[in-house]
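**Q** Dropping in protein_17.pdb, which is PDB, C-alpha atoms and all ligand atoms:
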```pdb
ATOM      1  CA  MET H   1     -10.531  -8.609   4.253
ATOM      2  CA  SER H   2     -10.346 -11.409   1.719
ATOM      3  CA  LYS H   3      -8.182 -10.941  -1.347
ATOM      4  CA  GLU H   4      -6.864 -13.231  -4.056
ATOM      5  CA  LEU H   5      -4.177 -12.984  -6.715
ATOM      6  CA  THR H   6      -6.515 -11.486  -9.291
ATOM      7  CA  SER H   7      -8.261  -9.169  -6.835
ATOM      8  CA  SER H   8      -8.129  -5.429  -7.231
ATOM      9  CA  THR H   9      -8.658  -2.167  -5.481
ATOM     10  CA  THR H  10     -11.049   0.313  -7.073
ATOM     11  CA  LEU H  11      -9.472   3.693  -7.805
ATOM     12  CA  HIS H  12     -11.473   6.886  -7.258
ATOM     13  CA  ASN H  13     -12.490   6.963 -10.921
ATOM     14  CA  GLY H  14     -13.850   3.398 -10.750
ATOM     15  CA  VAL H  15     -10.914   1.701 -12.519
ATOM     16  CA  LYS H  16      -9.733  -1.530 -10.942
ATOM     17  CA  MET H  17      -6.050  -1.990 -10.099
ATOM     18  CA  PRO H  18      -4.608  -5.342  -8.904
ATOM     19  CA  TRP H  19      -3.292  -5.430  -5.332
ATOM     20  CA  LEU H  20      -0.172  -7.280  -6.529
ATOM     21  CA  GLY H  21       2.030  -6.425  -9.488
ATOM     22  CA  LEU H  22       5.531  -7.190 -10.744
ATOM     23  CA  GLY H  23       8.153  -4.450 -10.408
ATOM     24  CA  VAL H  24      10.873  -4.382 -13.067
ATOM     25  CA  TRP H  25      13.415  -1.764 -12.006
ATOM     26  CA  LYS H  26      16.900  -3.235 -12.701
ATOM     27  CA  SER H  27      15.414  -6.139 -14.706
ATOM     28  CA  ARG H  28      17.529  -5.972 -17.816
ATOM     29  CA  GLU H  29      16.216  -5.854 -21.332
ATOM     30  CA  GLY H  30      17.456  -8.546 -23.688
ATOM     31  CA  GLY H  31      16.236 -11.637 -21.852
ATOM     32  CA  GLU H  32      15.890 -10.933 -18.158
ATOM     33  CA  VAL H  33      12.875  -8.626 -18.118
ATOM     34  CA  GLU H  34      11.172 -10.519 -20.945
ATOM     35  CA  LYS H  35      11.404 -13.771 -18.985
ATOM     36  CA  ALA H  36      10.320 -12.209 -15.668
ATOM     37  CA  VAL H  37       7.224 -10.610 -17.221
ATOM     38  CA  GLU H  38       6.316 -13.773 -19.130
ATOM     39  CA  SER H  39       6.712 -15.944 -16.002
ATOM     40  CA  ALA H  40       4.749 -13.538 -13.829
ATOM     41  CA  LEU H  41       1.819 -13.330 -16.234
ATOM     42  CA  LYS H  42       1.783 -17.116 -16.649
ATOM     43  CA  LEU H  43       1.758 -17.443 -12.848
ATOM     44  CA  GLY H  44      -1.283 -15.188 -12.604
ATOM     45  CA  TYR H  45       0.091 -11.675 -12.080
ATOM     46  CA  ARG H  46      -2.027  -9.145 -13.929
ATOM     47  CA  SER H  47      -0.092  -5.940 -13.250
ATOM     48  CA  ILE H  48       3.362  -4.790 -14.400
ATOM     49  CA  ASP H  49       5.161  -1.646 -13.177
ATOM     50  CA  THR H  50       7.833  -0.162 -15.434
ATOM     51  CA  ALA H  51       9.168   3.326 -16.201
ATOM     52  CA  ARG H  52      10.864   5.099 -19.070
ATOM     53  CA  ILE H  53      14.012   5.435 -16.971
ATOM     54  CA  TYR H  54      14.239   1.653 -16.412
ATOM     55  CA  GLU H  55      15.074   1.313 -20.125
ATOM     56  CA  ASN H  56      13.132  -1.912 -20.425
ATOM     57  CA  GLU H  57       9.713  -0.937 -21.805
ATOM     58  CA  SER H  58      10.354  -2.793 -25.081
ATOM     59  CA  GLY H  59      11.394  -5.875 -23.121
ATOM     60  CA  VAL H  60       8.226  -5.640 -21.050
ATOM     61  CA  SER H  61       6.146  -5.624 -24.228
ATOM     62  CA  ARG H  62       7.985  -8.702 -25.543
ATOM     63  CA  GLY H  63       7.333 -10.481 -22.221
ATOM     64  CA  ILE H  64       3.632  -9.644 -22.456
ATOM     65  CA  GLU H  65       3.513 -10.947 -26.015
ATOM     66  CA  ALA H  66       5.300 -14.181 -25.047
ATOM     67  CA  SER H  67       2.917 -14.802 -22.141
ATOM     68  CA  GLY H  68      -0.125 -15.056 -24.399
ATOM     69  CA  VAL H  69      -2.163 -13.048 -21.874
ATOM     70  CA  ALA H  70      -4.464 -10.552 -23.595
ATOM     71  CA  ARG H  71      -3.514  -6.899 -23.263
ATOM     72  CA  LYS H  72      -6.986  -6.041 -21.952
ATOM     73  CA  ASP H  73      -6.421  -8.371 -19.006
ATOM     74  CA  ILE H  74      -3.217  -6.628 -17.929
ATOM     75  CA  PHE H  75      -2.843  -3.478 -15.839
ATOM     76  CA  LEU H  76       0.190  -1.757 -17.328
ATOM     77  CA  THR H  77       1.925   1.151 -15.596
ATOM     78  CA  THR H  78       4.750   3.369 -16.781
ATOM     79  CA  LYS H  79       6.126   6.724 -15.659
ATOM     80  CA  VAL H  80       7.292  10.002 -17.113
ATOM     81  CA  TRP H  81      10.890  10.783 -16.175
ATOM     82  CA  ASN H  82      12.214  14.090 -14.821
ATOM     83  CA  THR H  83      13.851  15.161 -18.091
ATOM     84  CA  ASP H  84      10.489  14.891 -19.888
ATOM     85  CA  LEU H  85       8.411  16.976 -17.470
ATOM     86  CA  GLY H  86       6.484  19.869 -19.034
ATOM     87  CA  TYR H  87       3.229  19.855 -21.015
ATOM     88  CA  GLU H  88       4.429  19.100 -24.556
ATOM     89  CA  GLU H  89       7.429  17.097 -23.342
ATOM     90  CA  THR H  90       5.227  14.784 -21.284
ATOM     91  CA  LEU H  91       2.801  14.222 -24.169
ATOM     92  CA  ARG H  92       5.774  13.276 -26.366
ATOM     93  CA  ALA H  93       7.256  10.999 -23.695
ATOM     94  CA  PHE H  94       3.894   9.256 -23.399
ATOM     95  CA  GLU H  95       3.804   8.571 -27.158
ATOM     96  CA  ASP H  96       7.341   7.165 -27.020
ATOM     97  CA  SER H  97       6.540   4.908 -24.044
ATOM     98  CA  LYS H  98       3.389   3.683 -25.801
ATOM     99  CA  LYS H  99       5.421   2.774 -28.892
ATOM    100  CA  ARG H 100       8.022   0.877 -26.881
ATOM    101  CA  LEU H 101       5.276  -0.880 -24.945
ATOM    102  CA  GLN H 102       3.452  -1.708 -28.199
ATOM    103  CA  THR H 103       0.118  -0.585 -26.833
ATOM    104  CA  ASP H 104      -2.552   1.995 -27.750
ATOM    105  CA  TYR H 105      -3.307   2.868 -24.139
ATOM    106  CA  LEU H 106      -1.878   2.672 -20.653
ATOM    107  CA  ASP H 107      -3.695   1.663 -17.514
ATOM    108  CA  LEU H 108      -1.726   4.007 -15.289
ATOM    109  CA  TYR H 109       0.674   6.822 -16.142
ATOM    110  CA  LEU H 110       2.656   8.288 -13.251
ATOM    111  CA  ILE H 111       4.835  11.347 -12.689
ATOM    112  CA  HIS H 112       8.024   9.660 -11.459
ATOM    113  CA  TRP H 113       9.383  12.401  -9.180
ATOM    114  CA  PRO H 114       7.924  15.674  -7.873
ATOM    115  CA  VAL H 115      10.341  18.024  -9.613
ATOM    116  CA  GLU H 116       9.382  21.492  -8.339
ATOM    117  CA  ASN H 117       8.108  23.970 -10.955
ATOM    118  CA  LYS H 118       7.676  21.175 -13.460
ATOM    119  CA  PHE H 119       5.216  18.665 -12.116
ATOM    120  CA  VAL H 120       2.125  20.888 -12.472
ATOM    121  CA  ASP H 121       2.616  21.263 -16.249
ATOM    122  CA  ALA H 122       3.264  17.548 -16.540
ATOM    123  CA  TRP H 123       0.062  16.908 -14.577
ATOM    124  CA  LYS H 124      -1.919  19.015 -17.098
ATOM    125  CA  ALA H 125      -0.596  16.689 -19.805
ATOM    126  CA  LEU H 126      -1.664  13.636 -17.804
ATOM    127  CA  GLU H 127      -5.140  15.141 -17.392
ATOM    128  CA  LYS H 128      -5.324  15.635 -21.149
ATOM    129  CA  LEU H 129      -4.289  11.999 -21.779
ATOM    130  CA  TYR H 130      -6.931  10.888 -19.311
ATOM    131  CA  GLU H 131      -9.643  13.023 -20.961
ATOM    132  CA  THR H 132      -8.821  11.605 -24.395
ATOM    133  CA  GLY H 133      -8.969   8.047 -23.034
ATOM    134  CA  GLU H 134      -5.351   7.179 -23.795
ATOM    135  CA  VAL H 135      -4.740   6.350 -20.170
ATOM    136  CA  ARG H 136      -7.266   4.793 -17.798
ATOM    137  CA  ALA H 137      -5.807   6.307 -14.627
ATOM    138  CA  ILE H 138      -3.199   8.913 -13.704
ATOM    139  CA  GLY H 139      -1.113   9.392 -10.626
ATOM    140  CA  VAL H 140       2.141  10.392  -9.020
ATOM    141  CA  CYS H 141       5.162   8.864  -7.316
ATOM    142  CA  ASN H 142       7.219  10.088  -4.414
ATOM    143  CA  PHE H 143       4.839  12.921  -3.535
ATOM    144  CA  HIS H 144       4.952  14.170   0.044
ATOM    145  CA  ILE H 145       1.837  15.843   1.474
ATOM    146  CA  HIS H 146       3.108  19.299   0.477
ATOM    147  CA  HIS H 147       3.523  18.176  -3.153
ATOM    148  CA  LEU H 148      -0.012  16.762  -3.136
ATOM    149  CA  LYS H 149      -1.316  20.062  -1.767
ATOM    150  CA  THR H 150       0.457  22.036  -4.493
ATOM    151  CA  LEU H 151      -1.059  19.748  -7.089
ATOM    152  CA  GLU H 152      -4.516  20.096  -5.529
ATOM    153  CA  ASN H 153      -4.298  23.883  -5.986
ATOM    154  CA  HIS H 154      -3.705  23.565  -9.726
ATOM    155  CA  ALA H 155      -5.343  20.332 -10.816
ATOM    156  CA  ASN H 156      -8.780  19.524 -12.191
ATOM    157  CA  LEU H 157      -8.386  15.886 -11.259
ATOM    158  CA  ALA H 158      -6.902  14.406  -8.093
ATOM    159  CA  PRO H 159      -4.253  11.703  -8.577
ATOM    160  CA  MET H 160      -5.654   8.199  -8.372
ATOM    161  CA  VAL H 161      -2.414   6.688  -7.038
ATOM    162  CA  ASN H 162       0.662   7.777  -5.081
ATOM    163  CA  GLN H 163       3.509   5.255  -5.445
ATOM    164  CA  VAL H 164       6.106   5.712  -2.722
ATOM    165  CA  GLU H 165       8.721   3.769  -0.775
ATOM    166  CA  PHE H 166       6.965   1.726   1.910
ATOM    167  CA  HIS H 167       8.054  -1.149   4.175
ATOM    168  CA  PRO H 168       8.324  -1.727   7.945
ATOM    169  CA  TYR H 169      11.308   0.629   8.279
ATOM    170  CA  LEU H 170       9.364   3.416   6.520
ATOM    171  CA  THR H 171       5.696   3.182   7.402
ATOM    172  CA  GLN H 172       4.676   6.638   6.116
ATOM    173  CA  THR H 173       1.826   6.973   8.628
ATOM    174  CA  GLU H 174       0.892  10.608   7.907
ATOM    175  CA  LEU H 175       1.180  10.338   4.157
ATOM    176  CA  ARG H 176      -0.908   7.163   4.158
ATOM    177  CA  ALA H 177      -3.626   8.800   6.230
ATOM    178  CA  TYR H 178      -3.632  11.825   3.906
ATOM    179  CA  CYS H 179      -3.917   9.613   0.826
ATOM    180  CA  GLU H 180      -6.721   7.618   2.377
ATOM    181  CA  GLN H 181      -8.641  10.810   3.227
ATOM    182  CA  HIS H 182      -8.237  12.031  -0.359
ATOM    183  CA  GLN H 183      -9.045   8.674  -1.982
ATOM    184  CA  ILE H 184      -5.565   8.381  -3.424
ATOM    185  CA  GLN H 185      -4.553   4.717  -3.567
ATOM    186  CA  PHE H 186      -1.273   4.168  -1.746
ATOM    187  CA  GLU H 187       1.199   1.933  -3.608
ATOM    188  CA  ALA H 188       4.445   0.539  -2.172
ATOM    189  CA  TRP H 189       7.752   0.611  -3.985
ATOM    190  CA  SER H 190      10.651  -1.403  -2.582
ATOM    191  CA  PRO H 191       8.144  -3.430  -0.520
ATOM    192  CA  LEU H 192      10.886  -6.023   0.059
ATOM    193  CA  MET H 193      13.292  -3.355   1.305
ATOM    194  CA  GLN H 194      15.362  -4.099  -1.803
ATOM    195  CA  GLY H 195      16.236  -7.438  -0.237
ATOM    196  CA  ASN H 196      17.465  -5.927   3.074
ATOM    197  CA  PHE H 197      15.047  -7.817   5.305
ATOM    198  CA  LEU H 198      17.162 -10.878   5.939
ATOM    199  CA  LYS H 199      19.013  -9.441   8.913
ATOM    200  CA  ASP H 200      15.902  -8.317  10.756
ATOM    201  CA  GLU H 201      15.220 -10.726  13.617
ATOM    202  CA  THR H 202      11.649  -9.524  14.116
ATOM    203  CA  ILE H 203      10.675 -10.123  10.496
ATOM    204  CA  LEU H 204      12.442 -13.500  10.514
ATOM    205  CA  SER H 205      10.713 -14.622  13.693
ATOM    206  CA  ILE H 206       7.263 -13.623  12.414
ATOM    207  CA  ALA H 207       8.006 -15.558   9.211
ATOM    208  CA  ASP H 208       8.949 -18.535  11.325
ATOM    209  CA  LYS H 209       5.751 -18.292  13.352
ATOM    210  CA  TYR H 210       3.545 -18.349  10.221
ATOM    211  CA  GLN H 211       5.783 -20.848   8.391
ATOM    212  CA  ARG H 212       6.045 -18.353   5.534
ATOM    213  CA  THR H 213       9.036 -16.623   4.002
ATOM    214  CA  PRO H 214      10.023 -13.142   5.196
ATOM    215  CA  ALA H 215       9.114 -11.757   1.752
ATOM    216  CA  GLN H 216       5.615 -13.197   2.057
ATOM    217  CA  ILE H 217       5.207 -11.597   5.491
ATOM    218  CA  LEU H 218       6.221  -8.176   4.120
ATOM    219  CA  LEU H 219       3.839  -8.437   1.166
ATOM    220  CA  ARG H 220       0.974  -9.710   3.310
ATOM    221  CA  TRP H 221       1.552  -6.754   5.656
ATOM    222  CA  ASP H 222       1.084  -4.458   2.621
ATOM    223  CA  LEU H 223      -2.221  -6.095   1.717
ATOM    224  CA  GLN H 224      -3.529  -5.823   5.252
ATOM    225  CA  HIS H 225      -2.699  -2.118   5.171
ATOM    226  CA  ASN H 226      -4.666  -1.783   1.894
ATOM    227  CA  VAL H 227      -1.484  -0.925   0.061
ATOM    228  CA  VAL H 228      -0.897  -2.024  -3.546
ATOM    229  CA  THR H 229       2.444  -3.799  -3.776
ATOM    230  CA  ILE H 230       4.864  -4.417  -6.656
ATOM    231  CA  PRO H 231       7.777  -6.645  -5.572
ATOM    232  CA  LYS H 232      10.545  -7.087  -8.137
ATOM    233  CA  SER H 233      12.221 -10.364  -8.939
ATOM    234  CA  VAL H 234      13.797 -11.912 -11.997
ATOM    235  CA  ARG H 235      13.744 -15.404 -10.459
ATOM    236  CA  GLU H 236      10.775 -17.555 -11.293
ATOM    237  CA  ASP H 237      10.787 -19.288  -7.891
ATOM    238  CA  ARG H 238      10.624 -15.909  -6.113
ATOM    239  CA  ILE H 239       8.079 -14.467  -8.545
ATOM    240  CA  LYS H 240       5.894 -17.421  -7.544
ATOM    241  CA  GLU H 241       6.740 -17.192  -3.834
ATOM    242  CA  ASN H 242       5.673 -13.544  -3.895
ATOM    243  CA  THR H 243       2.163 -14.526  -5.068
ATOM    244  CA  GLN H 244       1.572 -16.846  -2.140
ATOM    245  CA  ILE H 245       0.226 -14.165   0.163
ATOM    246  CA  PHE H 246      -3.519 -14.476  -0.286
ATOM    247  CA  ASP H 247      -4.141 -17.593   1.813
ATOM    248  CA  PHE H 248      -3.108 -16.479   5.284
ATOM    249  CA  GLU H 249      -3.644 -13.534   7.575
ATOM    250  CA  LEU H 250      -1.410 -11.697  10.036
ATOM    251  CA  THR H 251      -2.941 -10.985  13.427
ATOM    252  CA  GLN H 252      -3.397  -7.341  14.385
ATOM    253  CA  ALA H 253      -0.762  -7.874  17.097
ATOM    254  CA  ASP H 254       1.810  -8.973  14.504
ATOM    255  CA  ILE H 255       0.881  -6.104  12.190
ATOM    256  CA  ASP H 256       1.493  -3.758  15.120
ATOM    257  CA  ILE H 257       4.884  -5.357  15.803
ATOM    258  CA  LEU H 258       5.903  -4.830  12.163
ATOM    259  CA  ASP H 259       4.582  -1.243  12.264
ATOM    260  CA  GLN H 260       6.746  -0.567  15.290
ATOM    261  CA  LEU H 261       9.891  -1.371  13.301
ATOM    262  CA  ASN H 262       9.490   2.030  11.676
ATOM    263  CA  ARG H 263      12.639   4.160  11.789
ATOM    264  CA  ASP H 264      11.883   6.446   8.820
ATOM    265  CA  GLN H 265      14.686   4.717   6.961
ATOM    266  CA  ARG H 266      14.800   4.918   3.196
ATOM    267  CA  PHE H 267      16.639   2.559   0.845
ATOM    268  CA  GLY H 268      15.876   4.946  -2.018
ATOM    269  CA  ALA H 269      16.078   8.716  -2.355
ATOM    270  CA  ASP H 270      14.063  11.208  -0.320
ATOM    271  CA  PRO H 271      11.698  13.095  -2.624
ATOM    272  CA  ASP H 272      12.631  16.375  -0.907
ATOM    273  CA  ASN H 273      16.271  15.751  -1.418
ATOM    274  CA  PHE H 274      16.742  13.926  -4.675
ATOM    275  CA  ASN H 275      19.259  14.819  -7.299
ATOM    276  CA  PHE H 276      18.726  12.963 -10.570
TER     277      PHE H 276
HETATM  278  N1  LIG O 301       8.393   5.143  -8.342
HETATM  279  C1  LIG O 301       9.633   5.009  -7.923
HETATM  280  O1  LIG O 301      10.364   5.998  -7.719
HETATM  281  C2  LIG O 301      10.171   3.647  -7.679
HETATM  282  C3  LIG O 301       9.478   2.555  -8.103
HETATM  283  N2  LIG O 301       9.973   1.276  -7.901
HETATM  284  C4  LIG O 301       9.156   0.139  -8.386
HETATM  285  O2  LIG O 301       8.945  -0.769  -7.297
HETATM  286  C5  LIG O 301       9.448  -2.061  -7.667
HETATM  287  C6  LIG O 301       9.923  -2.831  -6.445
HETATM  288  O3  LIG O 301      10.945  -2.155  -5.768
HETATM  289  P1  LIG O 301      12.501  -2.574  -5.844
HETATM  290  O4  LIG O 301      13.278  -1.358  -5.514
HETATM  291  O5  LIG O 301      12.764  -3.261  -7.124
HETATM  292  O6  LIG O 301      12.750  -3.538  -4.639
HETATM  293  P2  LIG O 301      12.012  -4.749  -3.869
HETATM  294  O7  LIG O 301      11.797  -4.268  -2.496
HETATM  295  O8  LIG O 301      10.881  -5.283  -4.668
HETATM  296  O9  LIG O 301      13.180  -5.814  -3.790
HETATM  297  C7  LIG O 301      13.737  -6.402  -4.909
HETATM  298  C8  LIG O 301      14.937  -7.228  -4.447
HETATM  299  O10 LIG O 301      14.503  -8.317  -3.632
HETATM  300  C9  LIG O 301      14.891  -9.560  -4.217
HETATM  301  N3  LIG O 301      13.742 -10.479  -4.011
HETATM  302  C10 LIG O 301      12.572 -10.523  -4.668
HETATM  303  N4  LIG O 301      11.750 -11.467  -4.168
HETATM  304  C11 LIG O 301      12.435 -12.060  -3.161
HETATM  305  C12 LIG O 301      12.129 -13.119  -2.279
HETATM  306  N5  LIG O 301      10.955 -13.743  -2.322
HETATM  307  N6  LIG O 301      13.070 -13.487  -1.367
HETATM  308  C13 LIG O 301      14.288 -12.855  -1.314
HETATM  309  N7  LIG O 301      14.619 -11.830  -2.130
HETATM  310  C14 LIG O 301      13.703 -11.431  -3.049
HETATM  311  C15 LIG O 301      15.181  -9.266  -5.671
HETATM  312  O11 LIG O 301      16.176 -10.096  -6.211
HETATM  313  P3  LIG O 301      15.957 -11.047  -7.515
HETATM  314  O12 LIG O 301      15.434 -10.208  -8.627
HETATM  315  O13 LIG O 301      17.330 -11.577  -7.773
HETATM  316  O14 LIG O 301      14.996 -12.098  -7.072
HETATM  317  C16 LIG O 301      15.708  -7.829  -5.590
HETATM  318  O15 LIG O 301      17.064  -7.834  -5.222
HETATM  319  C17 LIG O 301      10.550  -1.724  -8.689
HETATM  320  O16 LIG O 301      10.997  -2.844  -9.399
HETATM  321  C18 LIG O 301       9.860  -0.655  -9.496
HETATM  322  O17 LIG O 301       8.943  -1.226 -10.391
HETATM  323  C19 LIG O 301      11.138   1.100  -7.226
HETATM  324  C20 LIG O 301      11.897   2.161  -6.803
HETATM  325  C21 LIG O 301      11.470   3.533  -6.995
HETATM  326  O1  LIG O 302      12.060   4.107  -9.868
HETATM  327  C1  LIG O 302      13.168   4.461  -9.552
HETATM  328  C2  LIG O 302      14.224   3.600  -9.068
HETATM  329  O2  LIG O 302      15.261   4.371  -8.459
HETATM  330  C3  LIG O 302      15.898   5.241  -9.331
HETATM  331  C4  LIG O 302      16.857   6.093  -8.619
HETATM  332  O3  LIG O 302      18.060   5.439  -8.381
HETATM  333  C5  LIG O 302      14.887   6.085 -10.020
HETATM  334  O4  LIG O 302      14.975   5.742 -11.329
HETATM  335  C6  LIG O 302      13.494   5.848  -9.569
HETATM  336  O5  LIG O 302      13.237   6.331  -8.356
END
```
As a first step, turn the structure in this file into C-alpha cells.
**A**
Amino acid sequence: MSKELTSSTTLHNGVKMPWLGLGVWKSREGGEVEKAVESALKLGYRSIDTARIYENESGVSRGIEASGVARKDIFLTTKVWNTDLGYEETLRAFEDSKKRLQTDYLDLYLIHWPVENKFVDAWKALEKLYETGEVRAIGVCNFHIHHLKTLENHANLAPMVNQVEFHPYLTQTELRAYCEQHQIQFEAWSPLMQGNFLKDETILSIADKYQRTPAQILLRWDLQHNVVTIPKSVREDRIKENTQIFDFELTQADIDILDQLNRDQRFGADPDNFNF
C-alpha cells in the first residue's frame, strides 16, 4: 500500500480525508496552537483536528490564515461537545464553531462522546447539516459497537468516521472489524499514547531496527492498518518528524509484534464509563 503525505482515504460518501492530520487537544490558544497549525500546514499537513471543548478553534483559524494555504485545500474537523447535544443545540453549536473557525463549511463534524439518550438527536442535526451542504462528512467519536448499532436503528445516514483511542496497547480489534464491515473509516486519537511510548522496550527496539523514531513507528503502524492518524505536537521538529512515515514499510512480522502489545489499556476515558 503506497501512501504519501497528501494522500487520502475515500469515505463512504466519496469525500477524501487525509491519512495524516494534526491533533490540537491541549495546544493553547494565544500563540501555541496558531504556530503549530501554521507550521504543520507549511510542512504539508492538510488536515487539522480540533473540537469545541479544546477552546482553540479561533486559534486554529488564525493558524490557517497565517499559513497561506487555501481553505479548500484543508480538511478541517471539529466536534460537538456533550453539553450541546440535542437537535437545536447541535445546530447552534455548529454555527458557533463555524464562526470561531472563520469558515462557511466544515469537512467533518463529529459527535464527541456517545452520551446516551442524546446522541441520536444530535445525529439528526448532523444529517441536516450534511443535507444542506454545510458539512462534507459527518461522524462520531468514542462509539463502541453497541452505540453504532443504536445509531444504525435511528439514522438515515451511517457515520463516515469513528474517531477512537487507538495505539498498540489498545488495538480495538472487534471495533475495527465492525467499522471496516460498515465502511466507517477508523481514526486514531492518542496515536502516540500521549507520549507514553518511551518506556516500551518493544517499540524502542523496532524503532532501532528501522532507524526511525518510536513515534514514526507508531504512526506507520496506523497507516498499515488503514487507520487515519492525528498526532498532536506543538513542536515544529516533532510536527515534521511525524510526517516522515510515508517512505518506509513495517514488515507483517513487526506489525504482528506491535499488535501483540495489546492490553486493552486506555490513556483516555472509556466511552462506557465517562463522566464529563
Ligand atoms: N475524540 C476524542 O475524544 C479525542 C480526540 N483526540 C484528538 O487526537 C489528537 C492526538 O491525541 P493526543 O491525546 O493529543 O495525544 P498523542 O498520542 O498525539 O500524543 C501527544 C503527546 O506526544 C508528544 N509528541 C508528539 N510528537 C512526538 C514525537 N515525535 N516524539 C515524542 N513525543 C511526541 C506531544 O508533546 P509536544 O506537543 O510537546 O510535542 C504530546 O505530549 C488530539 O490532539 C485530538 O485532536 C484526543 C483525545 C480524545
Ligand atoms: O478530545 C478529548 C480529549 O480528552 C478530553 C477528556 O479529558 C475530552 O475533551 C475529549 O475526549
**Q** Running the PyMOL selection byres (((not hetatm)) within 7 of (chain O and resi 301)) on this model by hand, what would come out? Give it as a ChimeraX atom specification.
**A** /H:22-26,49-50,112-113,141-142,163-165,188-195,215-216,230-235,238-239,241-242,268
**Q** Using the chain letters and numbers from this file, what does the PyMOL selection byres (((chain H and resi 84) around 10) and not hetatm) select? Give the answer as a list in words.
**A**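 This file gives the following for the PyMOL selection byres (((chain H and resi 84) around 10) and not hetatm): Arg52, Val80, Trp81, Asn82, Thr83, Leu85, Gly86, Tyr87, Glu88, Glu89, Thr90, Leu91, Arg92, Ala93, Phe94, Ile111, Lys118 and Ala122 of chain H.
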**Q** Show me the residues close to (9.7, -2.0, -16.4) - anything with an atom within 12 Å, counting all atoms listed in the file - and format the list as a short mmCIF file (atom, residue, chain, number, x, y, z; two decimals) with C-alpha atoms, in the coordinates of the input.
**A**
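New file result_8.cif:
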```
data_model
loop_
_atom_site.label_atom_id
_atom_site.label_comp_id
_atom_site.auth_asym_id
_atom_site.auth_seq_id
_atom_site.Cartn_x
_atom_site.Cartn_y
_atom_site.Cartn_z
CA GLY H 21 2.03 -6.42 -9.49
CA LEU H 22 5.53 -7.19 -10.74
CA GLY H 23 8.15 -4.45 -10.41
CA VAL H 24 10.87 -4.38 -13.07
CA TRP H 25 13.42 -1.76 -12.01
CA LYS H 26 16.90 -3.24 -12.70
CA SER H 27 15.41 -6.14 -14.71
CA ARG H 28 17.53 -5.97 -17.82
CA GLU H 29 16.22 -5.85 -21.33
CA GLU H 32 15.89 -10.93 -18.16
CA VAL H 33 12.88 -8.63 -18.12
CA GLU H 34 11.17 -10.52 -20.94
CA ALA H 36 10.32 -12.21 -15.67
CA VAL H 37 7.22 -10.61 -17.22
CA SER H 47 -0.09 -5.94 -13.25
CA ILE H 48 3.36 -4.79 -14.40
CA ASP H 49 5.16 -1.65 -13.18
CA THR H 50 7.83 -0.16 -15.43
CA ALA H 51 9.17 3.33 -16.20
CA ARG H 52 10.86 5.10 -19.07
CA ILE H 53 14.01 5.44 -16.97
CA TYR H 54 14.24 1.65 -16.41
CA GLU H 55 15.07 1.31 -20.12
CA ASN H 56 13.13 -1.91 -20.42
CA GLU H 57 9.71 -0.94 -21.80
CA SER H 58 10.35 -2.79 -25.08
CA GLY H 59 11.39 -5.88 -23.12
CA VAL H 60 8.23 -5.64 -21.05
CA SER H 61 6.15 -5.62 -24.23
CA ARG H 62 7.98 -8.70 -25.54
CA GLY H 63 7.33 -10.48 -22.22
CA ILE H 64 3.63 -9.64 -22.46
CA LEU H 76 0.19 -1.76 -17.33
CA THR H 77 1.92 1.15 -15.60
CA THR H 78 4.75 3.37 -16.78
CA LYS H 79 6.13 6.72 -15.66
CA SER H 97 6.54 4.91 -24.04
CA ARG H 100 8.02 0.88 -26.88
CA LEU H 101 5.28 -0.88 -24.94
CA ILE H 230 4.86 -4.42 -6.66
CA PRO H 231 7.78 -6.64 -5.57
CA LYS H 232 10.54 -7.09 -8.14
CA SER H 233 12.22 -10.36 -8.94
CA VAL H 234 13.80 -11.91 -12.00
#
```
**Q** Can you tell me how far CA of Asp270 in chain H sits from CA of Ser8 in chain H, in Å to one decimal?
**A**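 Those two atoms sit 28.6 Å apart.
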**Q** Care to translate the PyMOL selection byres (((chain H and resi 167-177) around 8) and not hetatm) into actual residues of this file, as an MDAnalysis selection string?
**A** chainID H and resid 144:145 165:166 178:181 186 188 190:193 218 222 258:266
**Q** Let me make sure I understand: among H:Phe276, H:Trp19, H:Phe267, H:Tyr105, which one has the smallest atom-to-atom distance to Tyr130 in chain H if we use all atoms listed in the file?
**A**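 Closest to Tyr130 in chain H, using all atoms listed in the file: H:Tyr105.
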**Q** As AutoDock Vina command-line options, what would the box around ligand LIG 302 (chain O) look like: edges along x, y and z, 8 Å added on every side, centre and edge lengths in Å to one decimal?
**A**
```
--center_x 15.1 --center_y 5.0 --center_z -9.8 --size_x 22.0 --size_y 18.7 --size_z 19.0
```
**Q** Could you check the closest approach to ligand LIG 302 (chain O) for each of H:Pro114, H:Gly68, H:His182, H:Thr202 and tell me which residue wins, using only C-alpha atoms and all ligand atoms?
**A**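 Of H:Pro114, H:Gly68, H:His182, H:Thr202, the one nearest ligand LIG 302 (chain O), counting only C-alpha atoms and all ligand atoms, is H:Pro114.
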**Q** Could you list, as a PDB file with C-alpha atoms, in the coordinates of the input, every residue within 10 Å of Val69 in chain H, counting all atoms listed in the file and ignoring same-chain residues fewer than 4 positions away?
**A**
```pdb
ATOM      1  CA  GLU H  38       6.316 -13.773 -19.130  1.00  0.00           C
ATOM      2  CA  LEU H  41       1.819 -13.330 -16.234  1.00  0.00           C
ATOM      3  CA  LYS H  42       1.783 -17.116 -16.649  1.00  0.00           C
ATOM      4  CA  GLY H  44      -1.283 -15.188 -12.604  1.00  0.00           C
ATOM      5  CA  ARG H  46      -2.027  -9.145 -13.929  1.00  0.00           C
ATOM      6  CA  GLY H  63       7.333 -10.481 -22.221  1.00  0.00           C
ATOM      7  CA  ILE H  64       3.632  -9.644 -22.456  1.00  0.00           C
ATOM      8  CA  GLU H  65       3.513 -10.947 -26.015  1.00  0.00           C
ATOM      9  CA  ASP H  73      -6.421  -8.371 -19.006  1.00  0.00           C
ATOM     10  CA  ILE H  74      -3.217  -6.628 -17.929  1.00  0.00           C
TER      11      ILE H  74
END
```
**Q** Looking at all atoms listed in the file, which of H:Pro271, H:Lys16, H:Arg220, H:Gln211 is the one that sits closest to ligand LIG 302 (chain O)?
**A** H:Pro271
**Q** Select, from H:Glu134, H:Glu4, H:Asp208, H:Asp104, the residue with the minimum atom-to-atom distance to Arg71 in chain H, counting all atoms listed in the file.
**A** H:Asp104
**Q** Rounded to one decimal place, report the CA of Met17 in chain H-CA of Ile217 in chain H distance in Å.
**A**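 For CA of Met17 in chain H relative to CA of Ile217 in chain H, the distance reads 21.5 Å.
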